[in-house]
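Engineer: Below is one structure. I have some questions about it.
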There are 2 protein chains.
Amino acid sequence: LDYQHVQVPFEITLWIMLASLAKIGFHLYNKLPSVVPESCLLIFVGLIMGGIIYGLNDRSPPVMDSDIFFLYLLPPIVLDAGYFMPSRPFFENIGTILLYAVVGTIWNVFGIGFSLYGICQVKAFRLQDVSLLHNLLFGSLIAAVDPVAVLAVFEEIHVNEKLHILVFGESLLNDAVTVVLYKLFRSFCEMPTIKSVDVFAGVGKFFVVGLGGVLVGLSFGFTAAFTTRFTKDIRVIEPLFVFLYSYLSYLTAEMFHLSGIVAIISCAMGMKRYVEANISLKSHTTVKYFMKMWSSVSDTLIFIFLGVSTIGENHEWNWPYICFTVIFCLVWRALGVLVLTFFVNRFHVNTITSKDQFIIAYGGLRGAICFSLVFLLPDFHRKKLFIAATTVVILFTVFVQGMTIRPLVDLLAVKRKRESAPTVGEQIHIRFLDHLLAGIEDISGHWGQYYWKDKLEYFNSKYLQKILLREYDQPKSSIVLLYEKLERKHAIELAQAGQLGHGLAHPSFLSSSDRTVITDQKLEDTPNPDVLDNMQEILARNLYRIRRTGPAYNRHTLPGDSEPTEHAKEILILRHKSL
Amino acid sequence: LDYQHVQVPFEITLWIMLASLAKIGFHLYNKLPSVVPESCLLIFVGLIMGGIIYGLNDRSPPVMDSDIFFLYLLPPIVLDAGYFMPSRPFFENIGTILLYAVVGTIWNVFGIGFSLYGICQVKAFRLQDVSLLHNLLFGSLIAAVDPVAVLAVFEEIHVNEKLHILVFGESLLNDAVTVVLYKLFRSFCEMPTIKSVDVFAGVGKFFVVGLGGVLVGLSFGFTAAFTTRFTKDIRVIEPLFVFLYSYLSYLTAEMFHLSGIVAIISCAMGMKRYVEANISLKSHTTVKYFMKMWSSVSDTLIFIFLGVSTIGENHEWNWPYICFTVIFCLVWRALGVLVLTFFVNRFHVNTITSKDQFIIAYGGLRGAICFSLVFLLPDFHRKKLFIAATTVVILFTVFVQGMTIRPLVDLLAVKRKRESAPTVGEQIHIRFLDHLLAGIEDISGHWGQYYWKDKLEYFNSKYLQKILLREYDQPKSSIVLLYEKLERKHAIELAQAGQLGHGLAHPSFLSSSDRTVITDQKLEDTPNPDVLDNMQEILARNLYRIRRTGPAYNRHTLPGDSEPTEHAKEILILRHKSL
């Protein structure tokens with residue numbers, strides 16, 4: 001037996017296997033996941049495993065390594081989140097999200113830090129040796145809402161899109177703030193004196209860390225898109241580039257002390273559109289599937305490790321400090337959301353309701369990021385107290401808040417996510433309004449959201465697409481693509497049911513051109529051939545005229561590009577058919 | 001800048017990126033890969049990179065770590081090979097493959113070992129300090145044909161299926177022999193005296209290592225299939241199990257000093273059938289795609305590392321020893337193939353032609369396995385000579401043989417692989433003959449290949465499928481599945497071309513039931529409705545009778561299982577339609 005030789009990969013594989021089997025186990029008994037969120041169950045499994053290890057070895061089980069967490073477990077989840085980010089609601093609410101993420105997090109950090117320092121001044125609690133800086137450092141790591149925990153809970157409760165993106169977007173983008181504040185306070189702790197210059201440097205760092213992350217991410221994203229232009233002959237390594245470039249963007253950002261989370265999200269959002277167009281359909285299925293699989297495994301491992309790491313002798317228990325931490329986390333978040341939303345609502349027509357505000361405040365779950373950060377703290381005599389407080393806050397938010405948020409959403413009747421996808425009619429209207437609003441903003445000289453979106457779209461179609469896409473044709477409208485997809489799906493379903501021969505009279509199936517559909521639909525109602533022919537002719541002529549006068553609208557092209565010979569040809573064909 | 005922190009994942013990602021970009025580079029210039037095999041190009045890139053590293057650092061570039069090779073780079077390639085192994089030609093030629101793999105490899109090891117020992121006795125060469133045991137040890141590592149190198153070259157030259165499976169199967173299964181002989185000689189080198197008991201133990205080990213590998217692999221494979229029974233609610237982690245279980249089988253086999261390659265191949269071949277039936281179509285696409293991608297990356301990395309590791313000061317140059325090693329490798333392999341094929345041909349009707357024999361002998365490429373094994377040798381004063389000889393043999397076989405094998409195949413007009421897939425007619429005939437031959441073997445009491453295959457199939461459908469498959473219906477015949485697939489494909493193509501409305505008259509498209517096809521086909525030829533009705537009635541009645549008398553043939557069920565009420569119902573429906 002040669003266990004030493006294979007130990008590392010063997011144990012990693014076994015952990016992943018355990019995580020996957022645990023997941024299967026929960027889903028075998030259907031009722032469980034509908035009551036308790038999966039994250040709670042996984043932490044519970046971790047706690048049991050940690051207990052077993054502790055019992056057998058009689059020493060603390062291994063703690064989740066912060067390096068492993070930040071370098072290997074976190075990136076897949078963030079990549080998945082960025083790649084599947086619904087870009088429309090995200091960009092529509094980007095201002096509000098940034099406000100929550102930047103101002104809200106700073107508010108929480110200082111709020112929690114200062115009020116805990118106040119608690120430390122009470123002599124009866126015996127906490128006078130915890131300095132203000134240490135409290136602020138602790139505040140900076142405990143204040144940040146955790147994307148992994150939020151995702152795990154919010155994916156199951158299906159609140160409306162806007163509410164979801166507000167909480168989730170905040171949890172992702174606050175990484176930049178957390179990184180800066182945490183590192184700032186940590187370096188302050190080690191400095192003998194703090195000058196006012198250092199404080200200003202810290203403020204400047206915000207922008208460097210955040211915008212630097214965006215820049216790193218976008219440059220890697222565009223490089224990835226450019227690379228996939230040349231993979232036509234070796235389709236099989238296409239999915240690789242998506243993963244490699246996004247991981248490199250994360251690592252590069254981390255290397256330069258920028259926000260890795262922001263970088264990987266910008267990378268994923270930047271490349272998605274072009275990569276999707278360049279790679280084959282099968283490659284894309286693989287990318288999507290593997291991303292989901294990977295993030296699901298990472299997520300599972302994080303919660304199990306969180307449970308395992310909780311058990312042990314790393315904790316120093318101090319009732320007042322721990323209880324007040326939990327209370328302050330809740331209170332300051334609630335206050336922050338109230339105040340910020342007050343300002344947000346003054347500038348928006350589509351306001352955030354008080355129910356939504358409650359869920360935003362209540363959904364501020366803490367998770368593995370806090371946990372990893374607290375272990376990364378430099379050694380000082382109260383570190384174990386901070387670890388205990390962090391563990392309690394995480395367990396409290398994940399178990400108590402995570403388990404009660406679903407009943408609360410039901411009770412408050414918070415607006416849910418609509419079940420069905422938008423209809424084609426809705427899509428057409430949304431697009432129409434976008435163009436209209438862009439036009440209005442252009443005319444009125446108001447540089448708003450639609451104006452910039454339109455400018456970006458113009459830049460994209462004029463330059464980016466030509467560089468990054470392999471086959472740069474006139475891009476197909478998403479409605480046409482949707483139609484093609486529906487048609488294909490329908491054909492497959494019919495073929496599977498063996499009804500291709502019988503289903504032909506069904507009008508929705510025949511619609512290869514508008515004309516055919518309509519005539520066939522009429523066919524069912526009025527089987528009189530004379531009336532039919534007449535109708536067909538009228539429709540054919542009129543429909544053709546409509547189509548001719550309405551070329552695809554685009555603000556950047558002039559109408560009248562189609563050739564007259566094409567018209568004549570088409571009319572000839574139509575005539576020929578109607579004879 | 002904090003490079004230390006991200007060094008490990010950053011460098012791994014960069015290496016993979018380099019490998020992928022190199023692959024894209026070759027394919028951009030289309031002519032190159034058609035002349036020079038990709039493996040040669042990759043080694044060449046590696047040599048250049050090694051030269052650059054050597055030039056910059058002024059010391060030998062890092063050598064490919066044997067642990068990394070065996071634990072991380074080799075398994076994906078072998079898994080891919082096992083999963084996509086064409087099982088029919090493999091099992092049809094299993095006897096010949098085993099003969100080549102076991103007897104052939106032993107022949108080569110002892111042939112090369114003893115003749116090199118003979119060379120060492122010539123005083124002028126100054127090699128008298130290399131003992132017989134060391135020569136045999138060297139023979140055991142240099143004799144084995146390398147699956148990675150063989151796959152890289154043979155995938156591009158498209159020889160006929162039998163020839164391909166003979167060379168490729170040998171290269172995979174000789175792993176058991178290589179493992180045993182290599183470890184045996186290595187332990188003999190360290191023993192003071194060798195008893196005859198040890199030699200017999202070595203012979204016994206063959207069976208343990210080989211059959212043990214098969215057992216480990218099959219048990220993991222069946223567990224994997226059993227696990228995928230329960231993944232219905234969490235489709236997204238299905239692909240994971242395929243990779244986890246096969247990797248575990250490899251690691252477990254390595255842990256117990258069994259043949260990891262044999263284990264992973266048995267695991268892949270064992271689970272494939274059941275896993276495919278259990279998991280969703282998208283999961284399966286992901287599994288296939290990711291396996292190909294992973295093996296392609298591993299393969300690329302191996303050849304690049306091979307090139308990089310070649311540069312440096314690890315070599316001791318001795319002209320006679322190195323030249324004779326190359327010559328003996330060629331000569332003993334050629335002799336071995338000739339002698340073994342002589343015996344094989346005596347017992348087979350479908351003989352191996354002399355052209356095929358030449359290609360089998362010439363296709364005996366050496367690769368990274370030899371290279372990793374020679375670095376794993378215990379330190380002794382002539383190790384650098386062995387490293388040099390191994391490097392030369394690998395480069396010679398990959399470059400000279402690898403580059404000339406394609407022109408030789410053209411020149412000799414070796415039978416190629418057929419381009420098209422077998423037609424449905426051929427498939428029906430093959431299956432019919434299988435059943436027929438199984439019946440004949442059963443009657444004549446000859447326990448041949450078909451008899452065992454039939455028994456296995458019986459065991460599979462009676463027990464294994466019931467345990468391992470989620471939805472155990474009557475299994476669909478592969479011909480029916482093929483038909484469904486074609487129908488679906490056709491429907492998609494029509495939908496894409498927008499011809500769903502027009503293509504309906506085409507008979508092959510309508511065939512939802514035999515009757516409809518035939519009547520429609522007649523419809524085109526004879527549009528007379530009276531004749532048609534008559535014909536339809538005759539056909540309907542006759543076709544029904546044929547279907548009734550011919551239930552799906554199965555040696556293990558008795559005819560006459562269908563219920564009489566079903567018959568009456570069907571006749572009623574047919575009548576109703578014809579009215």
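Ordering of the structure tokens sets the chain letters (A, B, ...), residue numbers begin anew at 1 in every chain, and ligands are numbered from 1 in the order given.
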Distance table requested - chain A against chain B, cut-off 8 Å, only C-alpha atoms: one row per qualifying residue with the closest atom pair and its distance in Å to one decimal, ordered by chain and rising residue number, as CSV.
Structural biologist:
residue,atom,partner,partner_atom,distance
A:Leu1,CA,B:Phe256,CA,5.0
A:Asp2,CA,B:Met255,CA,4.9
A:Tyr3,CA,B:Met255,CA,5.7
A:His5,CA,B:Met255,CA,7.3
A:Val6,CA,B:Leu251,CA,6.4
A:Pro9,CA,B:Leu71,CA,7.7
A:Phe10,CA,B:Leu251,CA,6.6
A:Thr13,CA,B:Leu244,CA,6.4
A:Met17,CA,B:Leu244,CA,6.9
A:Ser20,CA,B:Ile237,CA,7.2
A:Ile24,CA,B:Thr231,CA,6.3
A:His27,CA,B:Asp233,CA,6.5
A:Leu28,CA,B:Phe230,CA,7.3
A:Leu71,CA,B:Val6,CA,7.4
A:Phe230,CA,B:Ile24,CA,6.8
A:Thr231,CA,B:Ile24,CA,6.3
A:Asp233,CA,B:His27,CA,6.5
A:Ile234,CA,B:Ile24,CA,7.2
A:Val236,CA,B:Met293,CA,5.3
A:Ile237,CA,B:Met293,CA,5.3
A:Leu240,CA,B:Met293,CA,7.5
A:Phe241,CA,B:Met17,CA,7.7
A:Leu244,CA,B:Thr13,CA,6.4
A:Tyr247,CA,B:Thr13,CA,7.9
A:Leu248,CA,B:Phe10,CA,6.9
A:Leu251,CA,B:Val6,CA,6.3
A:Glu254,CA,B:Val6,CA,7.6
A:Met255,CA,B:Asp2,CA,4.9
A:Phe256,CA,B:Leu1,CA,5.0
A:His257,CA,B:Leu1,CA,7.1
A:Lys282,CA,B:Thr285,CA,7.1
A:Ser283,CA,B:Tyr289,CA,7.4
A:Thr285,CA,B:Thr286,CA,7.0
A:Thr286,CA,B:Thr286,CA,4.7
A:Tyr289,CA,B:Val236,CA,6.7
A:Phe290,CA,B:Thr286,CA,7.2
A:Lys292,CA,B:Val236,CA,6.6
A:Met293,CA,B:Ile237,CA,5.3
A:Ser296,CA,B:Ile237,CA,7.7
A:Val297,CA,B:Ile237,CA,7.8
A:Glu484,CA,B:Gln496,CA,7.0
A:Glu487,CA,B:Ala495,CA,6.2
A:Arg488,CA,B:Ile492,CA,5.5
A:Ala491,CA,B:Ala491,CA,5.6
A:Ile492,CA,B:Arg488,CA,5.6
A:Ala495,CA,B:Arg488,CA,5.7
A:Gln496,CA,B:Arg488,CA,7.0
A:Gly498,CA,B:Ser512,CA,5.0
A:Gln499,CA,B:Ser512,CA,6.5
A:Leu500,CA,B:Leu510,CA,6.2
A:Gly501,CA,B:Leu510,CA,4.9
A:Leu504,CA,B:Gly501,CA,7.9
A:Phe509,CA,B:Leu500,CA,7.8
A:Leu510,CA,B:Gly501,CA,5.0
A:Ser511,CA,B:Gly501,CA,7.3
A:Ser512,CA,B:Gly498,CA,5.0
Engineer: Save out the residues we just selected, C-alpha atoms, as a PDB file, in the first residue's frame.
Structural biologist:
ATOM      1  CA  LEU A   1       0.000   0.000   0.000  1.00  0.00           C
ATOM      2  CA  ASP A   2       1.475   3.319  -1.081  1.00  0.00           C
ATOM      3  CA  TYR A   3      -0.878   5.969   0.217  1.00  0.00           C
ATOM      4  CA  HIS A   5       2.135   8.757  -3.264  1.00  0.00           C
ATOM      5  CA  VAL A   6      -1.480   9.465  -4.189  1.00  0.00           C
ATOM      6  CA  PRO A   9      -5.294  13.997  -5.412  1.00  0.00           C
ATOM      7  CA  PHE A  10      -6.989  11.127  -3.604  1.00  0.00           C
ATOM      8  CA  THR A  13     -11.255  13.668  -5.078  1.00  0.00           C
ATOM      9  CA  MET A  17     -17.137  13.033  -3.991  1.00  0.00           C
ATOM     10  CA  SER A  20     -21.580  15.532  -4.510  1.00  0.00           C
ATOM     11  CA  ILE A  24     -27.660  13.753  -4.100  1.00  0.00           C
ATOM     12  CA  HIS A  27     -32.485  15.683  -3.204  1.00  0.00           C
ATOM     13  CA  LEU A  28     -33.537  12.075  -2.719  1.00  0.00           C
ATOM     14  CA  LEU A  71      -7.481  30.769  -5.105  1.00  0.00           C
ATOM     15  CA  PHE A 230      -9.127  31.364 -34.412  1.00  0.00           C
ATOM     16  CA  THR A 231     -10.402  28.111 -32.965  1.00  0.00           C
ATOM     17  CA  ASP A 233     -10.311  23.958 -36.662  1.00  0.00           C
ATOM     18  CA  ILE A 234      -9.920  22.800 -33.063  1.00  0.00           C
ATOM     19  CA  VAL A 236     -12.445  20.871 -28.730  1.00  0.00           C
ATOM     20  CA  ILE A 237     -10.304  23.349 -26.797  1.00  0.00           C
ATOM     21  CA  LEU A 240     -10.844  25.940 -22.174  1.00  0.00           C
ATOM     22  CA  PHE A 241     -10.200  29.535 -23.139  1.00  0.00           C
ATOM     23  CA  LEU A 244      -8.334  30.021 -18.582  1.00  0.00           C
ATOM     24  CA  TYR A 247      -9.062  32.591 -14.074  1.00  0.00           C
ATOM     25  CA  LEU A 248      -6.012  34.512 -15.264  1.00  0.00           C
ATOM     26  CA  LEU A 251      -5.152  35.793 -10.467  1.00  0.00           C
ATOM     27  CA  GLU A 254      -5.103  39.382  -6.942  1.00  0.00           C
ATOM     28  CA  MET A 255      -1.427  39.663  -7.804  1.00  0.00           C
ATOM     29  CA  PHE A 256      -1.675  43.438  -8.100  1.00  0.00           C
ATOM     30  CA  HIS A 257      -3.864  43.673  -4.958  1.00  0.00           C
ATOM     31  CA  LYS A 282     -21.647  22.114 -28.319  1.00  0.00           C
ATOM     32  CA  SER A 283     -18.719  24.059 -26.910  1.00  0.00           C
ATOM     33  CA  THR A 285     -23.251  23.824 -23.854  1.00  0.00           C
ATOM     34  CA  THR A 286     -20.064  22.475 -22.322  1.00  0.00           C
ATOM     35  CA  TYR A 289     -22.708  23.108 -18.001  1.00  0.00           C
ATOM     36  CA  PHE A 290     -19.209  22.933 -16.654  1.00  0.00           C
ATOM     37  CA  LYS A 292     -22.612  25.450 -13.311  1.00  0.00           C
ATOM     38  CA  MET A 293     -21.119  22.138 -12.212  1.00  0.00           C
ATOM     39  CA  SER A 296     -22.033  24.007  -7.555  1.00  0.00           C
ATOM     40  CA  VAL A 297     -19.182  21.815  -6.310  1.00  0.00           C
ATOM     41  CA  GLU A 484     -35.539  29.977 -35.013  1.00  0.00           C
ATOM     42  CA  GLU A 487     -39.127  26.399 -34.510  1.00  0.00           C
ATOM     43  CA  ARG A 488     -36.259  23.963 -33.992  1.00  0.00           C
ATOM     44  CA  ALA A 491     -39.706  20.277 -34.822  1.00  0.00           C
ATOM     45  CA  ILE A 492     -37.728  18.108 -32.408  1.00  0.00           C
ATOM     46  CA  ALA A 495     -40.254  14.248 -34.391  1.00  0.00           C
ATOM     47  CA  GLN A 496     -39.938  12.664 -30.962  1.00  0.00           C
ATOM     48  CA  GLY A 498     -43.665  10.688 -34.155  1.00  0.00           C
ATOM     49  CA  GLN A 499     -46.313  13.185 -35.173  1.00  0.00           C
ATOM     50  CA  LEU A 500     -44.516  14.921 -37.958  1.00  0.00           C
ATOM     51  CA  GLY A 501     -46.937  13.422 -40.422  1.00  0.00           C
ATOM     52  CA  LEU A 504     -48.985  19.461 -40.300  1.00  0.00           C
ATOM     53  CA  PHE A 509     -45.821  24.679 -37.187  1.00  0.00           C
ATOM     54  CA  LEU A 510     -45.907  25.730 -40.780  1.00  0.00           C
ATOM     55  CA  SER A 511     -44.831  29.287 -40.321  1.00  0.00           C
ATOM     56  CA  SER A 512     -41.855  29.316 -42.642  1.00  0.00           C
TER      57      SER A 512
END
Engineer: Compile the contact shell of Asp410 of chain B as a tab-separated table (two decimals) with N, CA and C atoms, in the first residue's frame: residues with an atom at most 10 Å away, counting only C-alpha atoms, same-chain residues fewer than 6 positions apart removed.
Structural biologist:
chain	number	residue	atom	x	y	z
B	157	ILE	N	-3.47	9.28	-39.19
B	157	ILE	CA	-3.21	8.57	-40.45
B	157	ILE	C	-4.37	7.68	-40.88
B	159	VAL	N	-5.59	4.55	-40.45
B	159	VAL	CA	-5.50	3.19	-40.96
B	159	VAL	C	-6.77	2.43	-40.58
B	416	ARG	N	-7.36	1.53	-45.57
B	416	ARG	CA	-7.72	2.63	-44.72
B	416	ARG	C	-9.03	2.37	-43.98
Engineer: Nearest to Ala268 of chain A: which of A:Tyr458, A:Val36, A:Val392, A:Val78 is it, counting only C-alpha atoms?
Structural biologist: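 Closest to Ala268 of chain A, using only C-alpha atoms: A:Val78.
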Engineer: Between atom CA of Gly51 of chain B and atom CA of Ile302 of chain B, measure the distance and give it in Å to one decimal.
Structural biologist: 17.1 Å
Engineer: Near segment 145-148 of chain A, within 8 Å and counting only C-alpha atoms, which residues show up once chain neighbours fewer than 2 positions away are dropped, as a list in words?
Structural biologist: Ile77, Ala143, Val150, Leu151, Ala152, Phe168, Glu170, Ser171, Leu172, Asn174, Asp299, Gly364, Leu365, Arg366, Gly367, Ala368, Ile369 and Cys370 of chain A
Engineer: Given the choices A:Asn57, A:Val35, A:Gly448, A:Leu340, which gets closest to Val102 of chain A if the distance is worked out from only C-alpha atoms?
Structural biologist: A:Leu340
Engineer: Excluding segment 399-408 of chain A and residues on its chain fewer than 3 positions from it, collect all residues at most 7 Å away from it, counting only C-alpha atoms, and give them as a PyMOL selection string.
Structural biologist: chain A and resi 36-37+40+153+157+362+395-396+411-412
Engineer: Residues of the last selection are to be written out with C-alpha atoms, as a compact mmCIF listing (two decimals), in the first residue's frame.
Structural biologist:
# COMPACT_ATOMS: atom_id res chain seq x y z
CA VAL A 36 -34.19 24.07 4.80
CA PRO A 37 -31.80 25.80 2.37
CA CYS A 40 -27.72 24.97 6.07
CA VAL A 153 -30.40 31.31 -0.45
CA ILE A 157 -36.76 31.81 -3.00
CA TYR A 362 -32.71 40.75 5.99
CA LEU A 395 -24.12 30.59 11.52
CA PHE A 396 -26.80 33.01 12.72
CA LEU A 411 -45.92 36.15 4.47
CA LEU A 412 -45.15 39.63 3.17
Engineer: Leaving out Leu376 of chain A and any residue of its chain fewer than 3 positions from it, which residues lie within 8 Å of it when counting only C-alpha atoms, given as a list in words?
Structural biologist: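 Non-adjacent residues within range: Ser66, Ser372 and Leu373 of chain A.
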Engineer: Could you please take those selected residues and save N, CA, C and O atoms as an mmCIF file, in the first residue's frame?
Structural biologist:
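As a result, selection_5.cif now contains:
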data_model
loop_
_atom_site.group_PDB
_atom_site.id
_atom_site.type_symbol
_atom_site.label_atom_id
_atom_site.label_comp_id
_atom_site.auth_asym_id
_atom_site.auth_seq_id
_atom_site.Cartn_x
_atom_site.Cartn_y
_atom_site.Cartn_z
ATOM 1 N N SER A 66 -7.250 29.611 3.925
ATOM 2 C CA SER A 66 -7.720 30.815 3.230
ATOM 3 C C SER A 66 -7.206 30.870 1.801
ATOM 4 O O SER A 66 -7.900 31.341 0.901
ATOM 5 N N SER A 372 -12.740 33.354 5.959
ATOM 6 C CA SER A 372 -11.362 33.257 5.486
ATOM 7 C C SER A 372 -10.565 34.478 5.895
ATOM 8 O O SER A 372 -9.388 34.378 6.232
ATOM 9 N N LEU A 373 -11.211 35.644 5.882
ATOM 10 C CA LEU A 373 -10.498 36.870 6.233
ATOM 11 C C LEU A 373 -10.106 36.877 7.705
ATOM 12 O O LEU A 373 -9.019 37.335 8.060
#
Engineer: Could you check the closest approach to Glu155 of chain B for each of B:Gln465, B:Asn93, B:Ser34, B:Asn108 and tell me which residue wins, using only C-alpha atoms?
Structural biologist: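 Closest to Glu155 of chain B, using only C-alpha atoms: B:Ser34.
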Engineer: Please identify which residues in segment 88-280 of chain A DSSP calls alpha helix (DSSP H) from the backbone, and express them as a PyMOL selection string.
Structural biologist: chain A and resi 88-92+94-98+105-120+132-142+147-157+161-190+196-227+238-255+260-278
Engineer: For Pro320 of chain B, list every protein, DNA or RNA residue within 10 Å, evaluated using only C-alpha atoms, and leave out those in the same chain fewer than 6 positions away; present the list as a short mmCIF file (atom, residue, chain, number, x, y, z; two decimals) with N, CA and C atoms, in the first residue's frame.
Structural biologist:
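What landed in out-v8.cif:
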data_model
loop_
_atom_site.label_atom_id
_atom_site.label_comp_id
_atom_site.auth_asym_id
_atom_site.auth_seq_id
_atom_site.Cartn_x
_atom_site.Cartn_y
_atom_site.Cartn_z
N ILE B 119 26.46 -6.02 -25.80
CA ILE B 119 27.22 -4.85 -26.26
C ILE B 119 28.15 -4.35 -25.16
N CYS B 120 27.64 -4.41 -23.91
CA CYS B 120 28.43 -3.91 -22.80
C CYS B 120 29.70 -4.74 -22.58
N ALA B 124 36.04 -2.18 -26.01
CA ALA B 124 36.29 -0.88 -26.65
C ALA B 124 35.23 0.15 -26.29
N PHE B 125 34.02 -0.30 -25.93
CA PHE B 125 32.93 0.65 -25.65
C PHE B 125 32.97 1.20 -24.22
N ARG B 126 33.78 0.62 -23.38
CA ARG B 126 33.91 1.08 -21.98
C ARG B 126 32.56 1.07 -21.24
N LEU B 127 31.86 -0.01 -21.35
CA LEU B 127 30.55 -0.09 -20.70
C LEU B 127 30.47 -1.29 -19.76
#
Engineer: Which residues are close to Ser115 of chain A, i.e. within 9 Å by only C-alpha atoms, leaving aside same-chain residues fewer than 3 positions away? Reply as an mmCIF file with all heavy atoms, in the first residue's frame.
Structural biologist:
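New file around_13.cif:
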data_model
loop_
_atom_site.group_PDB
_atom_site.id
_atom_site.type_symbol
_atom_site.label_atom_id
_atom_site.label_comp_id
_atom_site.auth_asym_id
_atom_site.auth_seq_id
_atom_site.Cartn_x
_atom_site.Cartn_y
_atom_site.Cartn_z
ATOM 1 N N PHE A 110 -17.918 51.199 9.568
ATOM 2 C CA PHE A 110 -17.670 52.164 10.639
ATOM 3 C C PHE A 110 -18.725 52.062 11.726
ATOM 4 O O PHE A 110 -18.416 52.183 12.914
ATOM 5 C CB PHE A 110 -17.593 53.577 10.058
ATOM 6 C CG PHE A 110 -16.293 53.808 9.341
ATOM 7 C CD1 PHE A 110 -16.199 53.659 7.968
ATOM 8 C CD2 PHE A 110 -15.145 54.122 10.055
ATOM 9 C CE1 PHE A 110 -14.990 53.844 7.314
ATOM 10 C CE2 PHE A 110 -13.936 54.308 9.402
ATOM 11 C CZ PHE A 110 -13.858 54.170 8.035
ATOM 12 N N GLY A 111 -19.954 51.828 11.340
ATOM 13 C CA GLY A 111 -21.013 51.673 12.337
ATOM 14 C C GLY A 111 -20.705 50.542 13.293
ATOM 15 O O GLY A 111 -20.663 50.724 14.519
ATOM 16 N N ILE A 112 -20.435 49.375 12.732
ATOM 17 C CA ILE A 112 -20.169 48.209 13.584
ATOM 18 C C ILE A 112 -18.885 48.424 14.384
ATOM 19 O O ILE A 112 -18.824 48.152 15.591
ATOM 20 C CB ILE A 112 -20.076 46.925 12.721
ATOM 21 C CG1 ILE A 112 -21.429 46.631 12.071
ATOM 22 C CG2 ILE A 112 -19.638 45.743 13.566
ATOM 23 C CD1 ILE A 112 -21.399 45.527 11.051
ATOM 24 N N GLY A 118 -17.459 51.041 21.493
ATOM 25 C CA GLY A 118 -18.237 51.539 22.625
ATOM 26 C C GLY A 118 -18.511 50.436 23.628
ATOM 27 O O GLY A 118 -18.355 50.629 24.846
ATOM 28 N N ILE A 119 -18.883 49.273 23.141
ATOM 29 C CA ILE A 119 -19.141 48.132 24.027
ATOM 30 C C ILE A 119 -17.880 47.782 24.811
ATOM 31 O O ILE A 119 -17.931 47.448 26.001
ATOM 32 C CB ILE A 119 -19.605 46.907 23.194
ATOM 33 C CG1 ILE A 119 -20.949 47.176 22.545
ATOM 34 C CG2 ILE A 119 -19.666 45.643 24.042
ATOM 35 C CD1 ILE A 119 -22.054 47.425 23.536
ATOM 36 N N CYS A 120 -16.732 47.856 24.128
ATOM 37 C CA CYS A 120 -15.471 47.485 24.768
ATOM 38 C C CYS A 120 -15.129 48.415 25.939
ATOM 39 O O CYS A 120 -14.316 48.067 26.802
ATOM 40 C CB CYS A 120 -14.318 47.518 23.765
ATOM 41 S SG CYS A 120 -14.460 46.232 22.527
ATOM 42 N N ASN A 135 -11.195 46.934 16.351
ATOM 43 C CA ASN A 135 -12.636 46.853 16.155
ATOM 44 C C ASN A 135 -13.031 47.224 14.734
ATOM 45 O O ASN A 135 -13.911 46.603 14.131
ATOM 46 C CB ASN A 135 -13.355 47.766 17.153
ATOM 47 C CG ASN A 135 -13.664 47.032 18.439
ATOM 48 O OD1 ASN A 135 -14.069 45.861 18.387
ATOM 49 N ND2 ASN A 135 -13.451 47.685 19.561
ATOM 50 N N PHE A 324 -23.483 41.347 20.959
ATOM 51 C CA PHE A 324 -23.598 42.691 20.407
ATOM 52 C C PHE A 324 -23.151 42.735 18.943
ATOM 53 O O PHE A 324 -23.666 43.527 18.160
ATOM 54 C CB PHE A 324 -22.811 43.693 21.262
ATOM 55 C CG PHE A 324 -23.594 44.183 22.432
ATOM 56 C CD1 PHE A 324 -23.296 43.784 23.731
ATOM 57 C CD2 PHE A 324 -24.681 45.042 22.230
ATOM 58 C CE1 PHE A 324 -24.039 44.230 24.804
ATOM 59 C CE2 PHE A 324 -25.421 45.498 23.305
ATOM 60 C CZ PHE A 324 -25.109 45.081 24.593
ATOM 61 N N PHE A 328 -25.483 44.380 16.277
ATOM 62 C CA PHE A 328 -25.027 45.526 15.484
ATOM 63 C C PHE A 328 -25.046 45.223 13.991
ATOM 64 O O PHE A 328 -25.371 46.090 13.179
ATOM 65 C CB PHE A 328 -23.624 45.950 15.915
ATOM 66 C CG PHE A 328 -23.601 46.622 17.259
ATOM 67 C CD1 PHE A 328 -22.560 46.430 18.143
ATOM 68 C CD2 PHE A 328 -24.645 47.461 17.647
ATOM 69 C CE1 PHE A 328 -22.551 47.036 19.376
ATOM 70 C CE2 PHE A 328 -24.643 48.074 18.881
ATOM 71 C CZ PHE A 328 -23.590 47.863 19.761
#
